[in-house]
Structure formats: structure tokens, C-alpha cells
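Participant: What follows is query.cif, made up of mmCIF, C-alpha atoms:
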```
data_final
loop_
_atom_site.label_atom_id
_atom_site.label_comp_id
_atom_site.auth_asym_id
_atom_site.auth_seq_id
_atom_site.Cartn_x
_atom_site.Cartn_y
_atom_site.Cartn_z
CA MET E 1 -31.71 28.97 -115.94
CA LEU E 2 -33.58 31.52 -113.84
CA PRO E 3 -34.12 34.19 -116.59
CA ALA E 4 -35.55 31.53 -118.94
CA LEU E 5 -37.73 30.15 -116.14
CA MET E 6 -39.09 33.63 -115.40
CA ILE E 7 -40.10 34.10 -119.06
CA ALA E 8 -41.61 30.61 -119.29
CA GLY E 9 -43.43 31.11 -116.00
CA GLY E 10 -44.77 34.45 -117.21
CA VAL E 11 -46.13 32.87 -120.39
CA ILE E 12 -47.85 30.08 -118.45
CA PHE E 13 -49.28 32.53 -115.91
CA ASP E 14 -50.59 34.83 -118.63
CA LEU E 15 -52.25 31.96 -120.54
CA LEU E 16 -53.92 30.48 -117.46
CA THR E 17 -55.29 33.68 -115.91
CA PRO E 18 -57.96 36.20 -116.97
CA PRO E 19 -56.87 39.25 -119.06
CA ARG E 20 -56.99 41.60 -116.06
CA TYR E 21 -54.02 39.73 -114.49
CA THR E 22 -50.60 40.52 -115.94
CA ALA E 23 -47.27 38.70 -115.92
CA ALA E 24 -45.31 41.84 -116.85
CA PRO E 25 -43.28 41.80 -113.58
CA MET E 26 -41.96 38.32 -114.42
CA PHE E 27 -40.98 39.36 -117.95
CA ALA E 28 -39.27 42.51 -116.62
CA ALA E 29 -37.42 40.51 -113.96
CA ALA E 30 -35.76 38.18 -116.51
CA PRO E 31 -33.23 40.69 -117.98
CA LEU E 32 -32.58 42.17 -114.53
CA ILE E 33 -31.63 38.71 -113.26
CA ALA E 34 -29.41 38.12 -116.30
CA ALA E 35 -27.58 41.46 -115.97
CA PRO E 36 -25.19 40.66 -113.07
CA PHE E 37 -24.48 37.06 -114.06
CA PHE E 38 -24.24 36.94 -117.85
CA SER E 39 -22.60 38.84 -120.69
CA TRP E 40 -24.04 41.99 -122.28
CA LEU E 41 -25.12 40.00 -125.35
CA THR E 42 -26.93 37.37 -123.27
CA THR E 43 -28.67 40.12 -121.31
CA LEU E 44 -29.73 41.72 -124.60
CA TRP E 45 -31.17 38.47 -125.93
CA THR E 46 -32.98 37.92 -122.62
CA GLY E 47 -34.61 41.35 -122.97
CA ILE E 48 -35.55 40.60 -126.58
CA ALA E 49 -37.08 37.26 -125.55
CA ALA E 50 -39.08 38.91 -122.77
CA THR E 51 -40.32 41.62 -125.16
CA ALA E 52 -41.22 39.04 -127.81
CA ALA E 53 -43.16 37.05 -125.22
CA VAL E 54 -45.23 40.09 -124.27
CA ILE E 55 -45.99 40.92 -127.93
CA GLY E 56 -46.81 37.30 -128.74
CA LEU E 57 -49.20 36.90 -125.81
CA HIS E 58 -51.12 40.08 -126.63
CA PHE E 59 -51.28 39.08 -130.29
CA TYR E 60 -52.58 35.62 -129.27
CA LYS E 61 -55.29 37.25 -127.12
CA SER E 62 -56.01 39.92 -129.77
CA MET E 63 -55.15 42.67 -127.27
CA LEU E 64 -52.38 44.52 -129.15
CA ALA E 65 -54.58 47.63 -129.46
CA GLU E 66 -55.36 47.74 -125.72
CA PRO E 67 -53.67 50.49 -123.61
CA MET E 68 -52.53 47.84 -121.09
CA ALA E 69 -50.57 46.10 -123.85
CA TYR E 70 -48.60 49.27 -124.62
CA THR E 71 -47.95 49.85 -120.92
CA GLU E 72 -46.61 46.32 -120.34
CA LEU E 73 -44.49 46.47 -123.50
CA ALA E 74 -43.01 49.84 -122.51
CA THR E 75 -42.27 48.49 -119.00
CA VAL E 76 -40.39 45.44 -120.28
CA ILE E 77 -38.41 47.44 -122.87
CA THR E 78 -37.45 50.11 -120.29
CA VAL E 79 -36.35 47.55 -117.70
CA SER E 80 -34.39 45.64 -120.38
CA GLY E 81 -32.53 48.85 -121.25
CA LEU E 82 -31.72 49.44 -117.59
CA ALA E 83 -30.52 45.82 -117.32
CA LEU E 84 -28.07 46.42 -120.16
CA LEU E 85 -26.75 49.52 -118.40
CA ILE E 86 -26.41 47.62 -115.11
CA ASN E 87 -24.57 44.83 -116.92
CA ARG E 88 -22.04 47.29 -118.34
CA VAL E 89 -21.44 48.93 -114.95
CA ILE E 90 -20.97 45.55 -113.25
CA ARG E 91 -18.55 44.38 -115.94
CA ARG E 92 -16.40 47.47 -115.54
CA GLY E 93 -16.38 47.03 -111.76
CA SER E 94 -15.42 43.37 -112.16
CA GLU E 95 -12.54 44.30 -114.44
CA ARG E 96 -11.24 46.81 -111.90
CA LEU E 97 -11.62 44.27 -109.09
CA ALA E 98 -9.74 41.66 -111.12
CA SER E 99 -6.95 44.16 -111.72
CA ALA E 100 -6.81 44.99 -108.01
CA ARG E 101 -6.64 41.29 -107.14
CA VAL E 102 -3.72 40.80 -109.52
CA ILE E 103 -1.91 43.72 -107.89
CA ALA E 104 -2.66 42.33 -104.42
CA GLU E 105 -1.37 38.89 -105.38
CA THR E 106 1.78 40.43 -106.81
CA ALA E 107 2.30 42.46 -103.64
CA GLN E 108 1.86 39.36 -101.51
CA ARG E 109 4.40 37.42 -103.54
CA ALA E 110 6.84 40.33 -103.25
CA VAL E 111 6.37 40.91 -99.51
CA LEU E 112 5.54 37.37 -98.38
CA PRO E 113 6.98 34.98 -100.95
CA THR E 114 6.06 31.36 -100.46
CA PRO E 115 9.17 29.53 -99.20
CA ALA E 116 10.56 26.57 -101.09
CA GLU E 117 9.30 23.15 -100.06
CA GLU E 118 12.80 22.15 -98.92
CA ILE E 119 15.41 24.47 -97.45
CA GLY E 120 18.65 23.37 -95.84
CA GLY E 121 17.51 19.77 -95.55
CA LEU E 122 14.22 20.78 -93.87
CA ARG E 123 10.73 20.39 -95.32
CA ILE E 124 8.86 23.71 -95.22
CA ALA E 125 5.24 24.77 -95.64
CA ALA E 126 3.58 28.15 -95.07
CA ARG E 127 0.02 29.44 -95.22
CA TYR E 128 -1.43 32.92 -94.90
CA GLU E 129 -5.07 33.93 -94.51
CA ALA E 130 -6.11 37.56 -94.19
CA ALA E 131 -9.13 38.38 -92.05
CA LEU E 132 -10.54 40.93 -94.51
CA ALA E 133 -12.62 39.49 -97.32
CA ASP E 134 -10.76 39.45 -100.66
CA ALA E 135 -7.58 40.62 -98.95
CA PHE E 136 -4.29 38.86 -99.63
CA ILE E 137 -2.00 40.41 -97.06
CA GLY E 138 -2.44 42.02 -93.67
CA GLY E 139 -0.37 42.51 -90.54
CA ASP E 140 1.04 38.99 -90.10
CA LEU E 141 4.39 37.92 -91.50
CA PHE E 142 6.66 34.94 -92.00
CA ALA E 143 10.01 34.37 -93.66
CA VAL E 144 12.53 31.56 -94.04
CA GLN E 145 16.19 32.12 -94.86
CA ASP E 146 18.97 29.61 -95.50
CA THR E 147 22.13 31.18 -94.07
CA PRO E 148 25.72 30.16 -93.24
CA HIS E 149 24.52 29.82 -89.64
CA GLY E 150 21.67 27.45 -90.46
CA VAL E 151 18.06 27.90 -91.46
CA ARG E 152 16.54 30.94 -89.78
CA LEU E 153 12.82 31.67 -89.54
CA VAL E 154 10.55 34.38 -88.26
CA VAL E 155 6.80 34.57 -87.68
CA GLY E 156 5.33 37.83 -86.44
CA ASP E 157 2.21 39.91 -85.97
CA VAL E 158 2.19 43.67 -86.46
CA ARG E 159 -0.27 45.57 -84.30
CA GLY E 160 -3.04 47.14 -86.36
CA LYS E 161 -4.30 46.58 -89.88
CA GLY E 162 -4.38 48.33 -93.22
CA LEU E 163 -1.55 49.85 -95.22
CA GLY E 164 0.39 50.91 -92.13
CA ALA E 165 0.62 47.31 -90.98
CA VAL E 166 1.64 46.16 -94.46
CA GLU E 167 4.44 48.75 -94.50
CA ALA E 168 5.70 47.46 -91.14
CA VAL E 169 5.57 43.89 -92.47
CA ALA E 170 7.72 44.87 -95.46
CA VAL E 171 10.24 46.61 -93.16
CA ALA E 172 10.39 43.65 -90.77
CA ILE E 173 10.92 41.05 -93.49
CA GLY E 174 13.54 43.16 -95.27
CA ALA E 175 15.46 43.66 -92.02
CA PHE E 176 15.19 39.97 -91.14
CA ARG E 177 16.54 38.76 -94.48
CA GLU E 178 19.54 41.07 -94.31
CA ALA E 179 20.29 40.40 -90.64
CA ALA E 180 19.84 36.64 -90.98
CA GLU E 181 22.73 36.54 -93.44
CA GLN E 182 25.02 38.91 -91.58
CA GLU E 183 24.48 38.33 -87.86
CA SER E 184 26.30 35.41 -86.25
CA SER E 185 23.70 34.94 -83.50
CA LEU E 186 19.93 34.80 -83.33
CA GLU E 187 20.05 37.52 -80.67
CA GLY E 188 21.83 39.77 -83.17
CA VAL E 189 19.09 39.20 -85.73
CA THR E 190 16.47 40.14 -83.13
CA GLY E 191 18.36 43.32 -82.29
CA ARG E 192 18.45 44.37 -85.94
CA LEU E 193 14.69 43.80 -86.20
CA GLU E 194 14.16 45.87 -83.06
CA ARG E 195 16.08 48.82 -84.47
CA ALA E 196 14.44 48.63 -87.91
CA LEU E 197 10.90 48.60 -86.54
CA THR E 198 11.69 51.36 -84.05
CA ARG E 199 12.94 53.56 -86.91
CA GLU E 200 9.77 52.78 -88.87
CA SER E 201 7.50 53.80 -85.97
CA HIS E 202 9.43 57.07 -85.52
CA ARG E 203 9.25 57.79 -89.25
CA ARG E 204 5.48 57.55 -89.34
CA GLU E 205 5.08 59.96 -86.37
CA THR E 206 1.41 59.30 -85.71
CA LEU E 207 -0.41 58.30 -82.55
CA ASP E 208 -1.05 54.87 -83.97
CA ALA E 209 2.62 54.52 -84.92
CA ALA E 210 3.70 55.59 -81.44
CA GLU E 211 1.70 52.70 -80.02
CA ALA E 212 2.84 50.24 -82.71
CA PHE E 213 4.64 47.05 -81.85
CA THR E 214 5.29 43.65 -83.40
CA THR E 215 5.18 40.33 -81.62
CA ALA E 216 7.56 37.81 -83.14
CA VAL E 217 9.29 34.51 -82.60
CA LEU E 218 12.61 33.87 -84.32
CA ALA E 219 13.99 30.38 -84.81
CA GLU E 220 17.33 28.96 -85.88
CA ILE E 221 18.08 25.37 -86.88
CA PRO E 222 21.85 24.91 -87.35
CA ARG E 223 23.34 22.53 -89.88
CA GLY E 224 22.66 18.97 -88.80
CA GLY E 225 19.20 19.88 -87.54
CA GLY E 226 19.43 18.37 -84.06
CA VAL E 227 19.10 21.68 -82.20
CA LEU E 228 16.45 24.38 -82.27
CA ARG E 229 17.09 27.90 -80.95
CA LEU E 230 14.25 30.33 -80.26
CA VAL E 231 13.91 33.98 -79.31
CA ASN E 232 10.35 34.90 -78.35
CA ARG E 233 9.31 38.55 -78.25
CA GLY E 234 5.79 38.47 -76.85
CA HIS E 235 4.49 35.94 -79.38
CA PRO E 236 2.40 32.75 -78.96
CA ALA E 237 4.72 29.87 -78.11
CA PRO E 238 5.62 27.56 -81.01
CA LEU E 239 4.59 23.92 -80.89
CA LEU E 240 6.85 20.92 -81.41
CA LEU E 241 5.07 17.85 -82.78
CA TYR E 242 6.95 14.58 -82.47
CA ALA E 243 6.85 11.75 -84.98
CA ASP E 244 4.90 9.53 -82.54
CA GLY E 245 2.11 12.10 -82.05
CA GLY E 246 3.51 13.71 -78.92
CA LEU E 247 3.37 17.48 -78.62
CA VAL E 248 5.02 20.11 -76.46
CA SER E 249 4.52 23.87 -76.27
CA LEU E 250 7.87 25.71 -76.33
CA GLU E 251 7.07 28.33 -73.72
CA PRO E 252 9.96 30.73 -73.03
CA ALA E 253 11.54 30.73 -69.59
CA GLU E 254 10.87 34.47 -69.37
CA TYR E 255 8.54 36.43 -71.64
CA ALA E 256 9.97 39.51 -73.34
CA LEU E 257 8.25 42.61 -74.67
CA PRO E 258 7.38 42.80 -78.39
CA LEU E 259 9.67 44.39 -80.95
CA SER E 260 9.96 48.20 -81.22
CA MET E 261 9.35 48.58 -77.48
CA GLY E 262 13.06 48.70 -76.60
CA GLU E 263 12.71 52.23 -75.24
CA LEU E 264 11.00 50.68 -72.21
CA GLY E 265 14.32 49.09 -71.24
CA VAL E 266 13.73 45.42 -71.99
CA ARG E 267 16.34 42.84 -71.00
CA PRO E 268 18.86 41.56 -73.57
CA ASP E 269 17.60 38.74 -75.76
CA ARG E 270 18.74 35.21 -74.92
CA ALA E 271 18.09 32.36 -77.30
CA GLU E 272 16.74 29.20 -75.70
CA GLU E 273 17.75 25.79 -77.05
CA TYR E 274 15.57 22.73 -77.52
CA PRO E 275 16.28 19.32 -79.04
CA LEU E 276 14.82 18.77 -82.52
CA PRO E 277 14.65 14.99 -83.03
CA PRO E 278 14.30 13.39 -86.49
CA GLY E 279 10.74 13.46 -87.81
CA ALA E 280 9.71 16.32 -85.48
CA THR E 281 7.66 19.25 -86.79
CA LEU E 282 8.06 22.82 -85.60
CA LEU E 283 4.82 24.82 -85.91
CA LEU E 284 4.95 28.61 -85.65
CA TYR E 285 1.73 30.60 -85.84
CA THR E 286 0.15 33.96 -85.06
CA ASP E 287 -2.66 34.62 -82.61
CA GLY E 288 -5.22 34.48 -85.40
CA LEU E 289 -5.06 30.72 -84.81
CA SER E 290 -5.17 30.57 -81.02
CA GLU E 291 -7.76 33.37 -80.71
CA ALA E 292 -10.20 32.03 -83.31
CA ARG E 293 -13.59 31.69 -81.58
CA ASN E 294 -16.65 29.59 -82.23
CA ALA E 295 -20.27 30.68 -81.81
CA ARG E 296 -20.04 30.06 -78.04
CA GLY E 297 -16.99 32.31 -77.72
CA GLU E 298 -14.57 29.41 -77.11
CA PHE E 299 -11.00 29.89 -78.32
CA TYR E 300 -9.38 27.40 -80.68
CA ASP E 301 -6.77 25.33 -78.81
CA PRO E 302 -4.10 24.04 -81.22
CA VAL E 303 -2.43 21.97 -78.47
CA LEU E 304 -5.63 20.07 -77.75
CA ARG E 305 -6.51 19.69 -81.44
CA LEU E 306 -3.10 18.46 -82.61
CA ARG E 307 -1.91 16.27 -79.74
CA GLY E 308 -1.80 12.61 -80.72
CA ARG E 309 -2.15 13.25 -84.45
CA ILE E 310 0.38 12.34 -87.13
CA PHE E 311 0.61 14.09 -90.50
CA PRO E 312 2.47 12.93 -93.62
CA GLY E 313 4.10 16.33 -94.15
CA PRO E 314 4.06 20.03 -93.23
CA GLY E 315 1.67 21.01 -96.02
CA GLU E 316 -0.89 18.42 -94.95
CA LEU E 317 -0.56 19.61 -91.36
CA LEU E 318 -1.32 23.23 -92.26
CA ASP E 319 -4.16 22.37 -94.63
CA GLU E 320 -5.86 20.23 -92.01
CA LEU E 321 -5.26 22.89 -89.38
CA LEU E 322 -6.92 25.57 -91.51
CA ASP E 323 -9.87 23.31 -92.26
CA ASP E 324 -10.26 22.57 -88.55
CA VAL E 325 -10.22 26.28 -87.71
CA ARG E 326 -12.92 26.95 -90.29
CA ARG E 327 -15.06 24.20 -88.78
CA HIS E 328 -14.48 25.66 -85.32
CA THR E 329 -15.41 29.22 -86.29
CA GLY E 330 -18.11 28.37 -88.79
CA GLY E 331 -16.02 29.74 -91.66
CA GLY E 332 -15.47 33.25 -90.27
CA SER E 333 -12.29 34.89 -88.98
CA THR E 334 -11.66 38.19 -87.24
CA ASP E 335 -7.86 38.25 -87.44
CA ASP E 336 -5.10 37.47 -89.90
CA MET E 337 -3.46 34.07 -89.61
CA ALA E 338 0.09 33.09 -90.58
CA LEU E 339 1.29 29.50 -90.22
CA LEU E 340 4.76 28.08 -90.77
CA ALA E 341 5.63 24.39 -90.37
CA VAL E 342 9.16 22.96 -90.50
CA VAL E 343 9.87 19.23 -90.49
CA ARG E 344 13.23 17.65 -89.80
CA ALA E 345 13.45 14.62 -92.04
CA PRO E 346 13.41 11.29 -90.17
CA GLU E 347 16.58 9.26 -90.16
CA ARG E 348 16.60 6.54 -92.80
CA PRO E 349 17.67 3.04 -91.87
CA PRO E 350 20.82 1.77 -93.59
CA PRO E 351 20.29 -0.26 -96.77
CA ALA E 352 19.85 -4.00 -96.34
CA GLY E 353 23.19 -5.74 -96.23
CA ALA E 354 25.17 -2.60 -95.48
CA GLY E 355 28.00 -3.34 -93.08
CA PRO E 356 29.37 -0.99 -90.42
CA GLY E 357 32.01 0.31 -92.81
CA VAL E 358 29.58 1.27 -95.58
CA LEU E 359 28.77 4.95 -95.99
CA TRP E 360 25.29 5.94 -97.27
CA PRO E 361 23.62 9.35 -97.63
#
```
Would you kindly transcribe this structure into C-alpha cells?

Facilitator:
Amino acid sequence: MLPALMIAGGVIFDLLTPPRYTAAPMFAAAPLIAAPFFSWLTTLWTGIAATAAVIGLHFYKSMLAEPMAYTELATVITVSGLALLINRVIRRGSERLASARVIAETAQRAVLPTPAEEIGGLRIAARYEAALADAFIGGDLFAVQDTPHGVRLVVGDVRGKGLGAVEAVAVAIGAFREAAEQESSLEGVTGRLERALTRESHRRETLDAAEAFTTAVLAEIPRGGGVLRLVNRGHPAPLLLYADGGLVSLEPAEYALPLSMGELGVRPDRAEEYPLPPGATLLLYTDGLSEARNARGEFYDPVLRLRGRIFPGPGELLDELLDDVRRHTGGGSTDDMALLAVVRAPERPPPAGAGPGVLWP
């Protein structure tokens, strides 16, 4: 409504003030305001309305022959023409931006496809938020793979940002998906990731690539779902949320260096086992969550925020977690954030009247 209000306000101002006062700036502002928000045709009609208002006011005051009338009319017509040009430039830029967003969304779906809601008897949810405005993918990664050895997962964080980080993400996820199917152990999967990312850093042969590394945590939930295996390579410890609201941080017994730093002589990977009771939720995340700060510089503490809370499902958990982070930071973020939640379905009680010899799914 603002362009129309500017024209109406200009008319009222011009009628209520002496002739030496002019409302030309208000009439000129109307098409300029319309240009970035409306179509080219609407901007044109706004300019025509502003021009007609100027002509009508000078005709009403019998001032059409005055030099000031020609000056105001020329000003409004010139600014209206510029508004039409601005509108065309903005529309072309918007079309290019829309095309770029489609490409970015397609790239995200190709590199970081959203996992199915249920895989191998487990309920899955994933969320990704890039730190850069209007970005869809950055240096964080996640993947879920149903394999003959169980459901295998990875969440990682590539050092750096930009296209180089996205390339490393693509390499890491490709290597994980292949290794998860072929390797019999979680340690073997980690070793394949190590070699793939090391080759990628050598291929790039830049100073930034020489200092590149990827923190990651790999998880394996064998068939039956009662056991959880983890290999942590310098990544924030996953959280295990129990059905009764209890929570434990799965800190590794010994921290290992991130991936692609094997040339420093790190120790062999050893998967650590934890019980995964029915109804429990495994939460894997990147440091964009735990290092989110508020205005006072205080870090977000997921352990403190989630302990004692119960969520109906993994999607609800991640949505509430993201909303809570936004409230904590005031809506801003300085790092990418990848979240992956896996819920082992609770055991169902046997049907009423079922005897000990009755089998039920």
C-alpha cells in the first residue's frame, strides 16, 4: 500500500499547503518504492498515477503554465522511467538467483540426500543448516546406509568453507557409502575414509588443502538394534537420550585425531560398544550446535538443554533443537550445523490374551 499512500499523501499535502510548497518528492518516491516489490506493469501504472496527480493538481490550481509545474512534471516522469529500469534489473537478478537456488538445492539433494524416515527398523531424521545466508550446503556432512552388517551412519565436519569443503564432503560421503557396504568392520570403514580424504588433500596441493582435515563420528547398529558401535575421530561426542528422559554423552575412552591426518602416525581405530535400549535416541551433531553462542558469548549446551526431556520422534527432537538454538543465538549462526537422530523403536507389549506360545511381530 505504500506507493498509493505516498501519492495520496502528496495530494493532501499539496492541497493543504501554499503554492510555494511542493509534494513532488512524494510523487517521485511512489514508483521508486514500487520498483523492487511489484511487477513492471504495476510500476508503470504507479508512475502514470503519480504523473496524473501532478498534472491534476496544477490544473486545479491553474498553474499548468508555471515553470515550477514543468519542473515537477519532468522530475516525476524521469524518476518513473528510472523506476521501470530498476524494476527490470531487479527482476533479472531475481531470476538468476532463483536459478542458482534450484541448482544449490539439486546439489544438496545429490551430495546430502535426506535419509528415509525408517531404515533397518530404525526411525531416522536429519537436518542441515548452512551458516552462509541463502546457502544450502557447506562443510558438514551426514549419511545413513543400510548394509549387510547393520545400519551404518556418519556425521562429519570438514575444515574450511566454500567449494573446497563441498568437494571434500562429496568425497567423504562417496567413500563412506562404498566402504559401508564392503567393509566387515566399522574400523575398516574408517580406514577407507582416511585414505580417500588423504588422497583428496594431496590432489588439491594447496596450503589450505595441506592443513585440511575432517572430524567425524561413525556409528553402527547391527541387526536387532541392541548394540551401538562408535568410532570417533576428533568429533563432538554423540548423545544417547533414553525413553525416560535420561541422557548420557558417549565420550570415547581415548580421543583420536581427525581424518586425513594419518601421516602423523595415529593409533589404529577401535570401535567402542554401548547398549542401545528400546526407545533410546542416538543424536549425532557437528560443532555448529555445541559452539553456537548467545549475545553474552555463552556456548549452547545440548546436554543441559535436552536432559529430562522426552520427544515423540526424531524429527520433533531435531526441530525443537534447531528452534532452541535460534532462540539461544538470537537467530544468527556462524557455523554450519548437521544433525542426525536415530531412534530404536520401543518394544511393544504382547497383544491382550496372547499366551506364552503365541508369536507376534

Participant: Would you list the contacts of range 6-22 of chain E as a list in words, taking every protein, DNA or RNA residue within 9 Å and counting all atoms listed in the file, but skipping same-chain residues closer than 3 positions in sequence?

Facilitator: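 Once the nearby chain positions are removed, what remains is Met1, Leu2, Pro3, Pro25, Met26, Phe27, Ala28, Ala29, Ala30, Thr46, Ala49, Ala50, Ala53, Val54, Leu57, Lys61 and Glu72 of chain E.
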
Participant: Env of range 336-348 of chain E: 7 Å cut, atoms = all atoms listed in the file, seq-sep filter 4 positions within chain, self excluded. Answer as a short mmCIF file (atom, residue, chain, number, x, y, z; two decimals) with C-alpha atoms, in the coordinates of the input.

Facilitator:
```cif
data_model
loop_
_atom_site.label_atom_id
_atom_site.label_comp_id
_atom_site.auth_asym_id
_atom_site.auth_seq_id
_atom_site.Cartn_x
_atom_site.Cartn_y
_atom_site.Cartn_z
CA LEU E 122 14.22 20.78 -93.87
CA ARG E 123 10.73 20.39 -95.32
CA ILE E 124 8.86 23.71 -95.22
CA ALA E 125 5.24 24.77 -95.64
CA ALA E 126 3.58 28.15 -95.07
CA ARG E 127 0.02 29.44 -95.22
CA TYR E 128 -1.43 32.92 -94.90
CA GLU E 129 -5.07 33.93 -94.51
CA ALA E 130 -6.11 37.56 -94.19
CA ALA E 131 -9.13 38.38 -92.05
CA GLY E 138 -2.44 42.02 -93.67
CA GLY E 139 -0.37 42.51 -90.54
CA ASP E 140 1.04 38.99 -90.10
CA LEU E 141 4.39 37.92 -91.50
CA PHE E 142 6.66 34.94 -92.00
CA GLY E 225 19.20 19.88 -87.54
CA PRO E 278 14.30 13.39 -86.49
CA GLY E 279 10.74 13.46 -87.81
CA ALA E 280 9.71 16.32 -85.48
CA THR E 281 7.66 19.25 -86.79
CA LEU E 282 8.06 22.82 -85.60
CA LEU E 283 4.82 24.82 -85.91
CA LEU E 284 4.95 28.61 -85.65
CA TYR E 285 1.73 30.60 -85.84
CA THR E 286 0.15 33.96 -85.06
CA GLY E 288 -5.22 34.48 -85.40
CA LEU E 289 -5.06 30.72 -84.81
CA PRO E 314 4.06 20.03 -93.23
#
```

Participant: Mind pulling up the distance from CA of Asn294 in chain E to CA of Arg326 in chain E?

Facilitator: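 Between these atoms lies a distance of 9.3 Å.
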
Participant: Kindly indicate which residue among E:Ile90, E:Leu73, E:Ala170, E:Leu112 lies nearest to Phe38 in chain E, using all atoms listed in the file for the distances.

Facilitator: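 Counting all atoms listed in the file, the residue closest to Phe38 in chain E is E:Ile90.
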
Participant: I would like the residues chosen by the PyMOL selection byres ((chain E and resi 183) around 12) on the shown file; could you give them as an NGL selection string?

Facilitator: :E and (147-150 or 152 or 175-182 or 184-193 or 220)

Participant: Residue by residue, what does the PyMOL selection byres ((chain E and resi 269) around 12) grab here? Present the result as a PyMOL selection string.

Facilitator: chain E and resi 185-194+217-218+230-234+252-259+262+265-268+270-272

Participant: So which one's closest to Ile48 in chain E, E:Val89, E:Ala65, E:Ile77, E:Ala168? Using all atoms listed in the file, please.

Facilitator: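 Checking each candidate against Ile48 in chain E, we get E:Ile77 as the closest.
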
Participant: When you look at Ile55 in chain E with a cut-off of 8 Å (counting all atoms listed in the file), what residues show up, excluding the ones that are within fewer than 4 positions of it in the same chain? I need them as a JSON list (two decimals) with C-alpha atoms, in the frame of the given file.

Facilitator:
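Writing done, so here's result.json:
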```json
[["chain", "number", "residue", "atom", "x", "y", "z"],
["E", 51, "THR", "CA", -40.32, 41.62, -125.16],
["E", 59, "PHE", "CA", -51.28, 39.08, -130.29],
["E", 64, "LEU", "CA", -52.38, 44.52, -129.15],
["E", 73, "LEU", "CA", -44.49, 46.47, -123.50]]
```

Participant: To verify the selection step, state as JSON, numbers by chain which residues the PyMOL selection byres ((chain E and resi 239) around 6) yields on this input.

Facilitator: {"E": [238, 240, 248, 249, 250, 282, 283]}

Participant: To one decimal place, how far is CA of Val227 in chain E from CA of Ala243 in chain E in Å?

Facilitator: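 Distance reported for this atom pair: 16.0 Å.
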